[in-house]
$ cat my_file-v6.cif   # mmCIF, C-alpha atoms
data_target
#
loop_
_atom_site.group_PDB
_atom_site.id
_atom_site.type_symbol
_atom_site.label_atom_id
_atom_site.label_comp_id
_atom_site.auth_asym_id
_atom_site.auth_seq_id
_atom_site.Cartn_x
_atom_site.Cartn_y
_atom_site.Cartn_z
ATOM 1 C CA MET O 1084 129.246 127.969 86.443
ATOM 2 C CA TRP O 1085 126.873 125.928 88.601
ATOM 3 C CA VAL O 1086 129.171 122.886 88.423
ATOM 4 C CA SER O 1087 132.140 124.817 89.796
ATOM 5 C CA LEU O 1088 129.994 126.270 92.590
ATOM 6 C CA ALA O 1089 128.592 122.822 93.409
ATOM 7 C CA LEU O 1090 132.086 121.366 93.613
ATOM 8 C CA PHE O 1091 133.270 124.251 95.776
ATOM 9 C CA LEU O 1092 130.336 123.805 98.157
ATOM 10 C CA LEU O 1093 130.924 120.048 98.192
ATOM 11 C CA GLY O 1094 134.535 120.607 99.271
ATOM 12 C CA VAL O 1095 133.487 123.046 101.997
ATOM 13 C CA THR O 1096 130.739 120.720 103.243
ATOM 14 C CA THR O 1097 133.087 117.742 103.354
ATOM 15 C CA ALA O 1098 135.707 119.783 105.199
ATOM 16 C CA LEU O 1099 133.152 120.842 107.817
ATOM 17 C CA ALA O 1100 131.190 117.631 108.259
ATOM 18 C CA ALA O 1101 133.833 114.886 108.065
ATOM 19 C CA PRO O 1102 135.900 115.878 111.150
ATOM 20 C CA ARG O 1103 132.737 116.116 113.261
ATOM 21 C CA LEU O 1104 131.499 112.723 112.110
ATOM 22 C CA LEU O 1105 134.866 111.092 112.740
ATOM 23 C CA SER O 1106 135.172 112.651 116.189
ATOM 24 C CA ARG O 1107 131.870 111.015 117.160
ATOM 25 C CA ALA O 1108 132.725 107.584 115.746
ATOM 26 C CA ASP O 1109 133.320 104.917 118.396
ATOM 27 C CA TRP O 1110 135.586 102.754 116.240
ATOM 28 C CA VAL O 1111 138.443 105.159 115.481
ATOM 29 C CA GLU O 1112 140.754 104.104 118.326
ATOM 30 C CA ARG O 1113 139.846 100.454 117.844
ATOM 31 C CA GLU O 1114 140.785 100.547 114.146
ATOM 32 C CA PRO O 1115 143.462 103.231 113.665
ATOM 33 C CA VAL O 1116 144.573 101.876 110.291
ATOM 34 C CA VAL O 1117 141.042 102.176 108.920
ATOM 35 C CA ALA O 1118 140.758 105.656 110.461
ATOM 36 C CA LEU O 1119 143.992 106.696 108.766
ATOM 37 C CA TRP O 1120 142.593 105.585 105.429
ATOM 38 C CA VAL O 1121 139.298 107.398 106.035
ATOM 39 C CA TRP O 1122 141.116 110.631 106.855
ATOM 40 C CA GLN O 1123 143.248 110.374 103.726
ATOM 41 C CA CYS O 1124 140.155 109.846 101.581
ATOM 42 C CA VAL O 1125 138.428 112.845 103.175
ATOM 43 C CA ILE O 1126 141.383 115.161 102.524
ATOM 44 C CA ALA O 1127 141.714 113.814 98.985
ATOM 45 C CA ALA O 1128 138.010 114.529 98.376
ATOM 46 C CA VAL O 1129 138.331 118.090 99.698
ATOM 47 C CA LEU O 1130 141.391 118.858 97.583
ATOM 48 C CA LEU O 1131 139.900 117.183 94.505
ATOM 49 C CA SER O 1132 136.665 119.159 94.868
ATOM 50 C CA PHE O 1133 138.574 122.426 94.962
ATOM 51 C CA ALA O 1134 140.818 121.409 92.055
ATOM 52 C CA LEU O 1135 137.850 120.508 89.852
ATOM 53 C CA SER O 1136 136.034 123.674 90.906
ATOM 54 C CA MET O 1137 139.074 125.694 89.858
ATOM 55 C CA THR O 1138 139.169 123.907 86.500
ATOM 56 C CA PHE O 1139 135.525 124.587 85.653
ATOM 57 C CA SER O 1140 135.716 128.172 86.929
ATOM 58 C CA ALA O 1141 138.724 128.832 84.722
ATOM 59 C CA SER O 1142 136.938 127.221 81.771
ATOM 60 C CA THR O 1143 133.960 129.505 82.332
ATOM 61 C CA ALA O 1144 136.065 132.641 82.695
ATOM 62 C CA TRP O 1145 138.596 132.203 79.876
ATOM 63 C CA GLN O 1146 138.068 130.889 76.384
ATOM 64 C CA ALA O 1147 141.690 129.716 76.098
ATOM 65 C CA VAL O 1148 141.315 127.375 79.065
ATOM 66 C CA ARG O 1149 137.943 126.179 77.841
ATOM 67 C CA GLY O 1150 139.390 125.318 74.459
ATOM 68 C CA GLN O 1151 142.147 123.211 75.962
ATOM 69 C CA ILE O 1152 139.931 121.243 78.350
ATOM 70 C CA PHE O 1153 136.839 120.759 76.187
ATOM 71 C CA ALA O 1154 138.554 120.501 72.788
ATOM 72 C CA PRO O 1155 137.695 116.811 72.204
ATOM 73 C CA ALA O 1156 134.219 117.050 73.781
ATOM 74 C CA PRO O 1157 131.066 116.952 71.621
ATOM 75 C CA ARG O 1158 129.124 120.196 71.245
ATOM 76 C CA ALA O 1159 126.246 118.855 73.348
ATOM 77 C CA VAL O 1160 128.578 118.238 76.281
ATOM 78 C CA VAL O 1161 130.046 121.742 76.101
ATOM 79 C CA ASP O 1162 126.555 123.249 76.001
ATOM 80 C CA ALA O 1163 125.508 121.158 79.019
ATOM 81 C CA TYR O 1164 128.095 122.883 81.197
ATOM 82 C CA GLU O 1165 126.790 126.352 80.201
ATOM 83 C CA LEU O 1166 130.331 127.667 79.944
ATOM 84 C CA GLY O 1167 129.264 130.662 77.892
ATOM 85 C CA THR O 1168 127.429 132.224 80.836
ATOM 86 C CA THR O 1169 130.466 133.911 82.285
ATOM 87 C CA GLY O 1170 130.195 135.865 85.484
ATOM 88 C CA PRO O 1171 132.542 138.051 87.506
ATOM 89 C CA TRP O 1172 132.931 135.371 90.173
ATOM 90 C CA SER O 1173 134.279 132.716 87.827
ATOM 91 C CA ALA O 1174 137.658 134.370 87.397
ATOM 92 C CA VAL O 1175 137.828 135.331 91.088
ATOM 93 C CA LEU O 1176 137.101 131.782 92.222
ATOM 94 C CA ALA O 1177 139.531 130.273 89.715
ATOM 95 C CA VAL O 1178 142.371 132.599 90.737
ATOM 96 C CA ALA O 1179 141.716 132.082 94.458
ATOM 97 C CA LEU O 1180 141.685 128.293 94.160
ATOM 98 C CA ALA O 1181 144.732 128.296 91.894
ATOM 99 C CA ALA O 1182 146.609 130.399 94.439
ATOM 100 C CA GLY O 1183 145.584 127.922 97.132
ATOM 101 C CA GLY O 1184 146.881 125.048 95.048
ATOM 102 C CA VAL O 1185 150.223 126.745 94.424
ATOM 103 C CA TRP O 1186 150.520 127.595 98.111
ATOM 104 C CA SER O 1187 149.748 123.980 99.065
ATOM 105 C CA GLY O 1188 152.487 122.740 96.754
ATOM 106 C CA ALA O 1189 154.929 125.266 98.191
ATOM 107 C CA MET O 1190 154.102 124.234 101.765
ATOM 108 C CA LEU O 1191 154.496 120.550 100.918
ATOM 109 C CA GLY O 1192 157.842 121.220 99.251
ATOM 110 C CA ARG O 1193 159.046 123.261 102.206
ATOM 111 C CA GLU O 1194 157.928 120.655 104.738
ATOM 112 C CA PHE O 1195 159.663 117.756 102.992
ATOM 113 C CA SER O 1196 162.786 119.854 102.409
ATOM 114 C CA GLN O 1197 162.951 120.756 106.092
ATOM 115 C CA ALA O 1198 162.344 117.123 107.021
ATOM 116 C CA ARG O 1199 165.332 116.048 104.914
ATOM 117 C CA SER O 1200 167.463 118.754 106.538
ATOM 118 C CA ARG O 1201 166.410 117.648 110.029
ATOM 119 C CA ARG O 1202 167.138 114.037 109.157
ATOM 120 C CA ARG O 1203 170.624 114.910 107.874
ATOM 121 C CA GLN O 1204 171.295 116.927 111.023
ATOM 122 C CA ARG O 1205 170.186 114.058 113.249
ATOM 123 C CA ARG O 1206 172.494 111.681 111.392
ATOM 124 C CA CYS O 1207 175.384 114.112 111.826
ATOM 125 C CA ASP O 1208 174.608 114.391 115.537
ATOM 126 C CA LEU O 1209 174.426 110.609 115.737
ATOM 127 C CA LEU O 1210 177.899 110.265 114.186
ATOM 128 C CA VAL O 1211 179.240 112.692 116.793
ATOM 129 C CA ARG O 1212 177.722 110.776 119.701
ATOM 130 C CA ALA O 1213 178.402 107.332 118.221
ATOM 131 C CA PRO O 1214 181.449 107.622 115.918
ATOM 132 C CA LEU O 1215 182.152 104.899 113.403
ATOM 133 C CA LEU O 1216 184.740 102.269 114.176
ATOM 134 C CA PRO O 1217 187.574 101.602 111.682
ATOM 135 C CA GLY O 1218 186.148 99.760 108.691
ATOM 136 C CA GLU O 1219 182.517 100.430 109.661
ATOM 137 C CA GLN O 1220 180.227 101.906 107.032
ATOM 138 C CA PRO O 1221 177.629 104.622 107.846
ATOM 139 C CA GLY O 1222 174.179 103.126 108.328
ATOM 140 C CA SER O 1223 175.450 99.536 108.283
ATOM 141 C CA GLU O 1224 173.878 98.771 111.666
ATOM 142 C CA ARG O 1225 170.098 98.696 112.127
ATOM 143 C CA LEU O 1226 170.422 99.289 115.883
ATOM 144 C CA VAL O 1227 172.534 102.085 117.361
ATOM 145 C CA VAL O 1228 173.089 102.370 121.115
ATOM 146 C CA LEU O 1229 173.877 105.773 122.599
ATOM 147 C CA GLU O 1230 175.132 106.616 126.054
ATOM 148 C CA GLY O 1231 172.378 108.524 127.814
ATOM 149 C CA GLU O 1232 170.808 108.956 131.231
ATOM 150 C CA ARG O 1233 167.297 109.427 129.813
ATOM 151 C CA ALA O 1234 165.409 106.412 128.505
ATOM 152 C CA ASN O 1235 164.631 107.081 124.863
ATOM 153 C CA ALA O 1236 164.253 105.254 121.570
ATOM 154 C CA TRP O 1237 163.412 106.532 118.105
ATOM 155 C CA TRP O 1238 163.437 105.453 114.474
ATOM 156 C CA LEU O 1239 165.787 107.367 112.194
ATOM 157 C CA ALA O 1240 164.185 107.223 108.753
ATOM 158 C CA GLY O 1241 166.038 107.407 105.458
ATOM 159 C CA SER O 1242 167.574 105.160 102.833
ATOM 160 C CA THR O 1243 169.199 103.135 105.636
ATOM 161 C CA PRO O 1244 166.753 103.374 108.554
ATOM 162 C CA GLN O 1245 168.061 102.754 112.050
ATOM 163 C CA LEU O 1246 166.632 102.319 115.522
ATOM 164 C CA VAL O 1247 168.451 104.527 118.014
ATOM 165 C CA ILE O 1248 168.177 103.620 121.678
ATOM 166 C CA THR O 1249 169.904 104.954 124.783
ATOM 167 C CA THR O 1250 171.682 102.884 127.408
ATOM 168 C CA ALA O 1251 169.146 104.092 129.988
ATOM 169 C CA ALA O 1252 166.364 102.574 127.879
ATOM 170 C CA LEU O 1253 168.248 99.289 127.612
ATOM 171 C CA ARG O 1254 168.532 99.164 131.392
ATOM 172 C CA ARG O 1255 164.819 99.802 131.839
ATOM 173 C CA LEU O 1256 163.396 97.581 129.097
ATOM 174 C CA LYS O 1257 163.044 93.981 130.222
ATOM 175 C CA GLY O 1258 162.528 90.744 128.356
ATOM 176 C CA ARG O 1259 160.754 91.243 125.041
ATOM 177 C CA GLN O 1260 159.984 94.902 125.680
ATOM 178 C CA LEU O 1261 162.948 95.967 123.536
ATOM 179 C CA ASP O 1262 161.660 93.775 120.694
ATOM 180 C CA ALA O 1263 158.231 95.373 121.098
ATOM 181 C CA VAL O 1264 159.736 98.882 120.848
ATOM 182 C CA LEU O 1265 161.624 97.824 117.720
ATOM 183 C CA ALA O 1266 158.400 96.419 116.208
ATOM 184 C CA HIS O 1267 156.600 99.660 117.043
ATOM 185 C CA GLU O 1268 159.196 101.782 115.261
ATOM 186 C CA GLN O 1269 159.357 99.388 112.325
ATOM 187 C CA GLY O 1270 155.581 99.708 112.030
ATOM 188 C CA HIS O 1271 156.043 103.442 111.507
ATOM 189 C CA ALA O 1272 158.708 102.864 108.861
ATOM 190 C CA ARG O 1273 156.846 100.188 106.881
ATOM 191 C CA ALA O 1274 153.630 102.193 106.727
ATOM 192 C CA ARG O 1275 155.548 105.381 105.792
ATOM 193 C CA HIS O 1276 153.868 107.299 108.571
ATOM 194 C CA ASP O 1277 156.420 110.079 108.115
ATOM 195 C CA TRP O 1278 154.770 110.966 104.790
ATOM 196 C CA LEU O 1279 151.392 111.348 106.494
ATOM 197 C CA LEU O 1280 152.872 113.463 109.272
ATOM 198 C CA HIS O 1281 154.722 115.754 106.874
ATOM 199 C CA SER O 1282 151.730 116.152 104.540
ATOM 200 C CA SER O 1283 149.327 116.953 107.375
ATOM 201 C CA ALA O 1284 151.828 119.373 108.926
ATOM 202 C CA ALA O 1285 152.281 121.172 105.596
ATOM 203 C CA LEU O 1286 148.535 121.621 105.036
ATOM 204 C CA ALA O 1287 147.939 122.777 108.624
ATOM 205 C CA ALA O 1288 150.837 125.246 108.464
ATOM 206 C CA GLY O 1289 149.831 126.549 105.057
ATOM 207 C CA PHE O 1290 146.180 127.045 105.994
ATOM 208 C CA PRO O 1291 146.103 127.690 109.750
ATOM 209 C CA GLY O 1292 142.544 129.011 109.610
ATOM 210 C CA ILE O 1293 141.089 125.825 108.068
ATOM 211 C CA PRO O 1294 139.849 123.490 110.866
ATOM 212 C CA VAL O 1295 139.866 120.335 108.742
ATOM 213 C CA PHE O 1296 143.610 120.598 108.130
ATOM 214 C CA ALA O 1297 144.332 121.273 111.818
ATOM 215 C CA ALA O 1298 142.225 118.242 112.745
ATOM 216 C CA PHE O 1299 144.006 116.198 110.068
ATOM 217 C CA ARG O 1300 147.407 116.997 111.597
ATOM 218 C CA GLU O 1301 146.259 116.264 115.131
ATOM 219 C CA GLU O 1302 144.612 112.985 114.206
ATOM 220 C CA MET O 1303 147.585 111.832 112.155
ATOM 221 C CA HIS O 1304 149.916 112.293 115.139
ATOM 222 C CA GLN O 1305 147.620 110.219 117.338
ATOM 223 C CA LEU O 1306 146.528 107.537 114.878
ATOM 224 C CA VAL O 1307 150.006 106.659 113.590
ATOM 225 C CA GLU O 1308 151.075 105.940 117.175
ATOM 226 C CA LEU O 1309 148.010 103.775 117.800
ATOM 227 C CA ALA O 1310 148.616 101.904 114.550
ATOM 228 C CA ALA O 1311 152.270 101.266 115.479
ATOM 229 C CA ASP O 1312 151.199 100.138 118.962
ATOM 230 C CA ASP O 1313 148.904 97.581 117.326
ATOM 231 C CA VAL O 1314 151.737 96.298 115.135
ATOM 232 C CA ALA O 1315 153.856 95.661 118.217
ATOM 233 C CA SER O 1316 151.003 94.233 120.286
ATOM 234 C CA ARG O 1317 150.097 91.679 117.629
ATOM 235 C CA ARG O 1318 153.634 90.301 117.753
ATOM 236 C CA PHE O 1319 154.520 90.617 121.429
ATOM 237 C CA GLY O 1320 151.258 91.214 123.269
ATOM 238 C CA ARG O 1321 149.487 94.302 124.533
ATOM 239 C CA LEU O 1322 150.939 94.107 128.026
ATOM 240 C CA THR O 1323 154.508 93.986 126.706
ATOM 241 C CA ILE O 1324 154.262 97.143 124.601
ATOM 242 C CA ALA O 1325 152.235 98.913 127.335
ATOM 243 C CA LEU O 1326 154.953 98.217 129.922
ATOM 244 C CA ALA O 1327 157.624 99.312 127.432
ATOM 245 C CA LEU O 1328 155.845 102.638 126.962
ATOM 246 C CA VAL O 1329 155.653 103.093 130.731
ATOM 247 C CA GLU O 1330 159.339 102.277 131.202
ATOM 248 C CA LEU O 1331 160.432 104.680 128.462
ATOM 249 C CA ASN O 1332 158.337 107.609 129.647
ATOM 250 C CA GLU O 1333 157.877 107.230 133.385
ATOM 251 C CA ASP O 1334 160.771 109.581 134.230
ATOM 252 C CA ARG O 1335 159.183 112.344 132.133
ATOM 253 C CA GLY O 1336 156.253 112.645 134.519
ATOM 254 C CA VAL O 1337 153.895 111.637 131.740
ATOM 255 C CA PHE O 1338 151.531 109.738 133.994
ATOM 256 C CA GLY O 1339 151.112 112.521 136.545
ATOM 257 C CA PRO O 1340 149.828 116.109 136.500
ATOM 258 C CA GLY O 1341 151.148 118.399 133.772
ATOM 259 C CA GLN O 1342 151.360 115.695 131.103
ATOM 260 C CA ALA O 1343 151.816 117.917 128.030
ATOM 261 C CA PRO O 1344 153.327 117.437 125.503
ATOM 262 C CA TYR O 1345 153.004 113.677 126.094
ATOM 263 C CA GLY O 1346 149.368 113.722 127.182
ATOM 264 C CA ASP O 1347 148.349 110.984 124.753
ATOM 265 C CA LEU O 1348 150.640 108.365 126.325
ATOM 266 C CA PRO O 1349 148.385 107.513 129.291
ATOM 267 C CA ARG O 1350 145.506 107.076 126.848
ATOM 268 C CA ARG O 1351 147.612 104.795 124.661
ATOM 269 C CA VAL O 1352 148.639 102.651 127.639
ATOM 270 C CA ASN O 1353 145.057 102.468 128.885
ATOM 271 C CA ARG O 1354 143.895 101.462 125.411
ATOM 272 C CA LEU O 1355 146.422 98.643 125.291
ATOM 273 C CA LEU O 1356 145.497 97.361 128.746
ATOM 274 C CA THR O 1357 141.727 97.490 128.269
ATOM 275 C CA ALA O 1358 142.017 95.658 124.932
ATOM 276 C CA ALA O 1359 138.727 96.726 123.346
ATOM 277 C CA PRO O 1360 137.635 94.181 120.705
ATOM 278 C CA ARG O 1361 138.341 94.973 117.072
ATOM 279 C CA LEU O 1362 135.621 95.471 114.531
ATOM 280 C CA THR O 1363 134.615 92.471 112.487
ATOM 281 C CA ALA O 1364 136.412 91.941 109.196
ATOM 282 C CA GLY O 1365 133.191 92.659 107.334
ATOM 283 C CA ARG O 1366 132.675 96.027 109.011
ATOM 284 C CA ARG O 1367 136.306 97.003 108.423
ATOM 285 C CA LEU O 1368 135.871 96.162 104.763
ATOM 286 C CA ARG O 1369 132.651 98.189 104.528
ATOM 287 C CA LEU O 1370 134.266 101.217 106.184
ATOM 288 C CA THR O 1371 137.278 101.009 103.883
ATOM 289 C CA ALA O 1372 135.094 100.675 100.793
ATOM 290 C CA ALA O 1373 132.839 103.554 101.854
ATOM 291 C CA ALA O 1374 135.844 105.797 102.492
ATOM 292 C CA SER O 1375 137.301 104.905 99.100
ATOM 293 C CA LEU O 1376 134.116 106.177 97.448
ATOM 294 C CA VAL O 1377 134.331 109.619 99.074
ATOM 295 C CA PRO O 1378 136.892 111.020 96.557
ATOM 296 C CA VAL O 1379 134.744 109.608 93.748
ATOM 297 C CA VAL O 1380 131.823 111.901 94.641
ATOM 298 C CA PRO O 1381 133.386 115.136 93.267
ATOM 299 C CA VAL O 1382 134.337 113.293 90.076
ATOM 300 C CA LEU O 1383 130.739 112.161 89.628
ATOM 301 C CA VAL O 1384 129.470 115.696 90.249
ATOM 302 C CA ALA O 1385 131.899 116.997 87.632
ATOM 303 C CA PHE O 1386 130.703 114.494 85.035
ATOM 304 C CA VAL O 1387 126.939 114.697 85.666
ATOM 305 C CA PRO O 1388 126.256 117.284 82.894
ATOM 306 C CA ALA O 1389 128.392 115.366 80.401
ATOM 307 C CA LEU O 1390 126.714 112.031 81.187
ATOM 308 C CA SER O 1391 123.263 113.630 80.979
ATOM 309 C CA ALA O 1392 124.068 115.197 77.613
ATOM 310 C CA LEU O 1393 125.439 111.976 76.201
ATOM 311 C CA GLY O 1394 122.462 110.038 77.540
ATOM 312 C CA GLN O 1395 120.003 112.384 75.847
ATOM 313 C CA GLY O 1396 121.964 112.280 72.618
#

$ encode --input "my_file-v6.cif" --output "structure tokens"
Amino acid sequence: MWVSLALFLLGVTTALAAPRLLSRADWVEREPVVALWVWQCVIAAVLLSFALSMTFSASTAWQAVRGQIFAPAPRAVVDAYELGTTGPWSAVLAVALAAGGVWSGAMLGREFSQARSRRRQRRCDLLVRAPLLPGEQPGSERLVVLEGERANAWWLAGSTPQLVITTAALRRLKGRQLDAVLAHEQGHARARHDWLLHSSAALAAGFPGIPVFAAFREEMHQLVELAADDVASRRFGRLTIALALVELNEDRGVFGPGQAPYGDLPRRVNRLLTAAPRLTAGRRLRLTAAASLVPVVPVLVAFVPALSALGQG
């Protein structure tokens, strides 16, 4: 039972400590891709800790589960986990964590289903506003231009992704700014940022009282934009993508009082213009490697009794 409790406490501790540590880090905005990876590893560690805790709790509470999981294990390993010392909390913890896992799967399924529905609806709306010409196939063009008085541009994901841009945006974007906007949106598509956004939204919606999932959703929305900005700036320069962001959003009053819901845009433009130096390649590698080890910790905790028993044998 102590292993399941240790894993449960490890998941809770990681969920509480990691967001605070990341919020204090001074490198997050400078290296959004690394920060995205760190966040994914943290969430994976939390979920893995709870999943393993559920497994050991169920093994402690029910002989049938124990027989399935520990069937090939030597007797010394089974004894090391003290699975015979059942308690009333084993079944409660196992059922609670199993219900959380089922609910997480349901929320993820619902989120991705709704995302597909929204994407189909946007494509239908696009066909209404920009009907196909005779002989033209749906999705054959990577760039679609819509008549519109508001400057806007967005990436329409799917099997045939397209960049949709309004005529007002074309009038405002100058020189290579349009290419920078295209590179920004392609950065989202290549890195599959939509998967991160949908997964974080599902966890935050399914568990609204869990701060780590709310922070995960908020940080994903910010970091994917910073990462896409960096993709565009490396190809066309920081000033080009910064001016493109200003041109696309100036009419929305983003850079004045009452900025919500686009309050992060001034910060993104300021970040591009100040051009803070990146971390060294060595430090980026160390951060990535350290983050990759975080999900390994609950696995090591789960196998400590087995390794100790085998070592003594």

$ closest_residue --input "my_file-v6.cif" --among "O:Gln1146, O:Arg1273, O:Gln1123, O:Asp1334" --to "Glu1232 (chain O)" --atoms "all atoms listed in the file"
O:Asp1334

$ residues_around --input "my_file-v6.cif" --residues "Ser1140 (chain O)" --least-positions-apart "5" --cutoff "12 Å" --atoms "only C-alpha atoms" --output "number ranges by chain"
O: 1084-1091, 1133-1135, 1145-1146, 1148-1149, 1152, 1164-1181, 1385

$ axis_aligned_box --input "my_file-v6.cif" --around "region 1150-1161 of chain O" --padding-each-side "8 Å" --output "JSON"
{"center_x": 134.2, "center_y": 121.1, "center_z": 74.8, "size_x": 31.9, "size_y": 24.5, "size_z": 23.1}

$ atom_distance --input "my_file-v6.cif" --atom1 "CA of Asp1262 (chain O)" --atom2 "CA of Val1117 (chain O)"
25.2 Å

$ closest_residue --input "my_file-v6.cif" --among "O:Thr1097, O:Leu1209, O:Val1161, O:Arg1321" --to "Val1129 (chain O)" --atoms "all atoms listed in the file"
O:Thr1097

$ decode --input "my_file-v6.cif" --residues "region 1357-1371 of chain O" --atoms "N, CA, C and O atoms" --output "PDB file, in the first residue's frame"
ATOM      1  N   THR O1357      12.639  43.475 -28.339  1.00  0.00           N
ATOM      2  CA  THR O1357      13.769  43.515 -27.406  1.00  0.00           C
ATOM      3  C   THR O1357      14.807  42.450 -27.715  1.00  0.00           C
ATOM      4  O   THR O1357      15.994  42.634 -27.409  1.00  0.00           O
ATOM      5  N   ALA O1358      14.391  41.352 -28.312  1.00  0.00           N
ATOM      6  CA  ALA O1358      15.311  40.311 -28.794  1.00  0.00           C
ATOM      7  C   ALA O1358      16.267  39.837 -27.694  1.00  0.00           C
ATOM      8  O   ALA O1358      17.487  39.968 -27.807  1.00  0.00           O
ATOM      9  N   ALA O1359      15.699  39.305 -26.614  1.00  0.00           N
ATOM     10  CA  ALA O1359      16.538  38.752 -25.547  1.00  0.00           C
ATOM     11  C   ALA O1359      17.337  37.563 -26.090  1.00  0.00           C
ATOM     12  O   ALA O1359      16.823  36.773 -26.894  1.00  0.00           O
ATOM     13  N   PRO O1360      18.600  37.430 -25.701  1.00  0.00           N
ATOM     14  CA  PRO O1360      19.423  36.334 -26.239  1.00  0.00           C
ATOM     15  C   PRO O1360      18.903  34.973 -25.826  1.00  0.00           C
ATOM     16  O   PRO O1360      18.382  34.799 -24.716  1.00  0.00           O
ATOM     17  N   ARG O1361      19.057  33.996 -26.702  1.00  0.00           N
ATOM     18  CA  ARG O1361      18.643  32.634 -26.403  1.00  0.00           C
ATOM     19  C   ARG O1361      19.612  31.998 -25.425  1.00  0.00           C
ATOM     20  O   ARG O1361      20.738  32.470 -25.220  1.00  0.00           O
ATOM     21  N   LEU O1362      19.166  30.928 -24.808  1.00  0.00           N
ATOM     22  CA  LEU O1362      20.058  30.145 -23.971  1.00  0.00           C
ATOM     23  C   LEU O1362      21.093  29.452 -24.847  1.00  0.00           C
ATOM     24  O   LEU O1362      20.884  29.240 -26.044  1.00  0.00           O
ATOM     25  N   THR O1363      22.204  29.093 -24.243  1.00  0.00           N
ATOM     26  CA  THR O1363      23.210  28.354 -24.992  1.00  0.00           C
ATOM     27  C   THR O1363      22.680  26.967 -25.352  1.00  0.00           C
ATOM     28  O   THR O1363      21.762  26.441 -24.690  1.00  0.00           O
ATOM     29  N   ALA O1364      23.245  26.385 -26.380  1.00  0.00           N
ATOM     30  CA  ALA O1364      22.811  25.057 -26.812  1.00  0.00           C
ATOM     31  C   ALA O1364      22.995  24.030 -25.696  1.00  0.00           C
ATOM     32  O   ALA O1364      22.163  23.127 -25.522  1.00  0.00           O
ATOM     33  N   GLY O1365      24.059  24.177 -24.929  1.00  0.00           N
ATOM     34  CA  GLY O1365      24.297  23.245 -23.835  1.00  0.00           C
ATOM     35  C   GLY O1365      23.231  23.328 -22.759  1.00  0.00           C
ATOM     36  O   GLY O1365      22.770  22.303 -22.246  1.00  0.00           O
ATOM     37  N   ARG O1366      22.818  24.559 -22.413  1.00  0.00           N
ATOM     38  CA  ARG O1366      21.786  24.690 -21.380  1.00  0.00           C
ATOM     39  C   ARG O1366      20.443  24.196 -21.894  1.00  0.00           C
ATOM     40  O   ARG O1366      19.676  23.590 -21.146  1.00  0.00           O
ATOM     41  N   ARG O1367      20.136  24.454 -23.162  1.00  0.00           N
ATOM     42  CA  ARG O1367      18.886  23.926 -23.722  1.00  0.00           C
ATOM     43  C   ARG O1367      18.872  22.410 -23.671  1.00  0.00           C
ATOM     44  O   ARG O1367      17.847  21.793 -23.349  1.00  0.00           O
ATOM     45  N   LEU O1368      20.006  21.815 -23.977  1.00  0.00           N
ATOM     46  CA  LEU O1368      20.093  20.350 -23.944  1.00  0.00           C
ATOM     47  C   LEU O1368      19.930  19.826 -22.523  1.00  0.00           C
ATOM     48  O   LEU O1368      19.232  18.821 -22.298  1.00  0.00           O
ATOM     49  N   ARG O1369      20.530  20.508 -21.549  1.00  0.00           N
ATOM     50  CA  ARG O1369      20.410  20.066 -20.156  1.00  0.00           C
ATOM     51  C   ARG O1369      18.973  20.187 -19.661  1.00  0.00           C
ATOM     52  O   ARG O1369      18.469  19.298 -18.963  1.00  0.00           O
ATOM     53  N   LEU O1370      18.301  21.287 -20.016  1.00  0.00           N
ATOM     54  CA  LEU O1370      16.903  21.452 -19.613  1.00  0.00           C
ATOM     55  C   LEU O1370      16.015  20.386 -20.239  1.00  0.00           C
ATOM     56  O   LEU O1370      15.139  19.821 -19.577  1.00  0.00           O
ATOM     57  N   THR O1371      16.239  20.105 -21.505  1.00  0.00           N
ATOM     58  CA  THR O1371      15.447  19.083 -22.198  1.00  0.00           C
ATOM     59  C   THR O1371      15.671  17.702 -21.589  1.00  0.00           C
ATOM     60  O   THR O1371      14.714  16.937 -21.375  1.00  0.00           O
TER      61      THR O1371
END
